[in-house]
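K.L.:
Take a look at the following structure, please.
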Amino acid sequence: MGGNAAVDVARTALRLGAKDVEIVCLEQRHEMPALKEEIEATLEEGITIRNGWGPRRILGNRTVEAIELKSCTSVFDEDGRFNPTYDEAKLTKLKADRVIVCYRADAR
């Protein structure tokens with residue numbers, strides 16, 4: 001999820017020496033729970049935010065090589081509960097050597 005913890009983790013990874021950092025989050029930009037100023041600061045630091053995507057699987061043989069993502073069509077159900085839905089036909093891959101998972105414990 002694209003909350004304050006996720007942007008903090010991404011910015012910390014950059015400060016610890018990661019060359020390229022991307023945030024992948026289910027929400028569209030206007031739905032992200034992170035504070036607007038945190039999102040703006042993250043973008044200013046050169047971190048890419050990929051909105052509307054969720055993890056499908058991590059790819060690699062003994063080490064991470066990529067992450068496959070699926071399109072998230074909605075994050076919440078009609079009652080406002082966390083219940084993401086996906087378009088399994090719309091996939092993409094990102095090359096990666098590390099994946100850090102950050103989520104809200106109450107969003108499971």
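So you can find residues: chains in the structure tokens are A, B, ... in the order shown, residues in each start at 1, and ligands are numbered from 1 in order.
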Quick one: everything within 6 Å of Lys93 (chain A), counting only C-alpha atoms, minus sequence neighbours fewer than 3 positions away in the same chain. Send it as a count of residues only.

P.N.:
3

K.L.:
Can you tell me, as a VMD selection string, what residues are no more than 12 Å from region 40-56 of chain A when counting only C-alpha atoms, ignoring any on the same chain fewer than 4 positions away?

P.N.:
chain A and resid 1 to 15 18 to 32 34 to 36 66 to 75 84 to 94 99 to 103

K.L.:
To one decimal in Å, tell me the separation between CA of Arg57 (chain A) and CA of Arg98 (chain A).

P.N.:
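About the pair CA of Arg57 (chain A) and CA of Arg98 (chain A): they are 13.1 Å apart.
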
K.L.:
DSSP on the backbone, then: every residue of region 10-104 of chain A marked strand (DSSP E or B), written as a PyMOL selection string.

P.N.:
chain A and resi 22-25+48-51+53-59+66-76+82-95
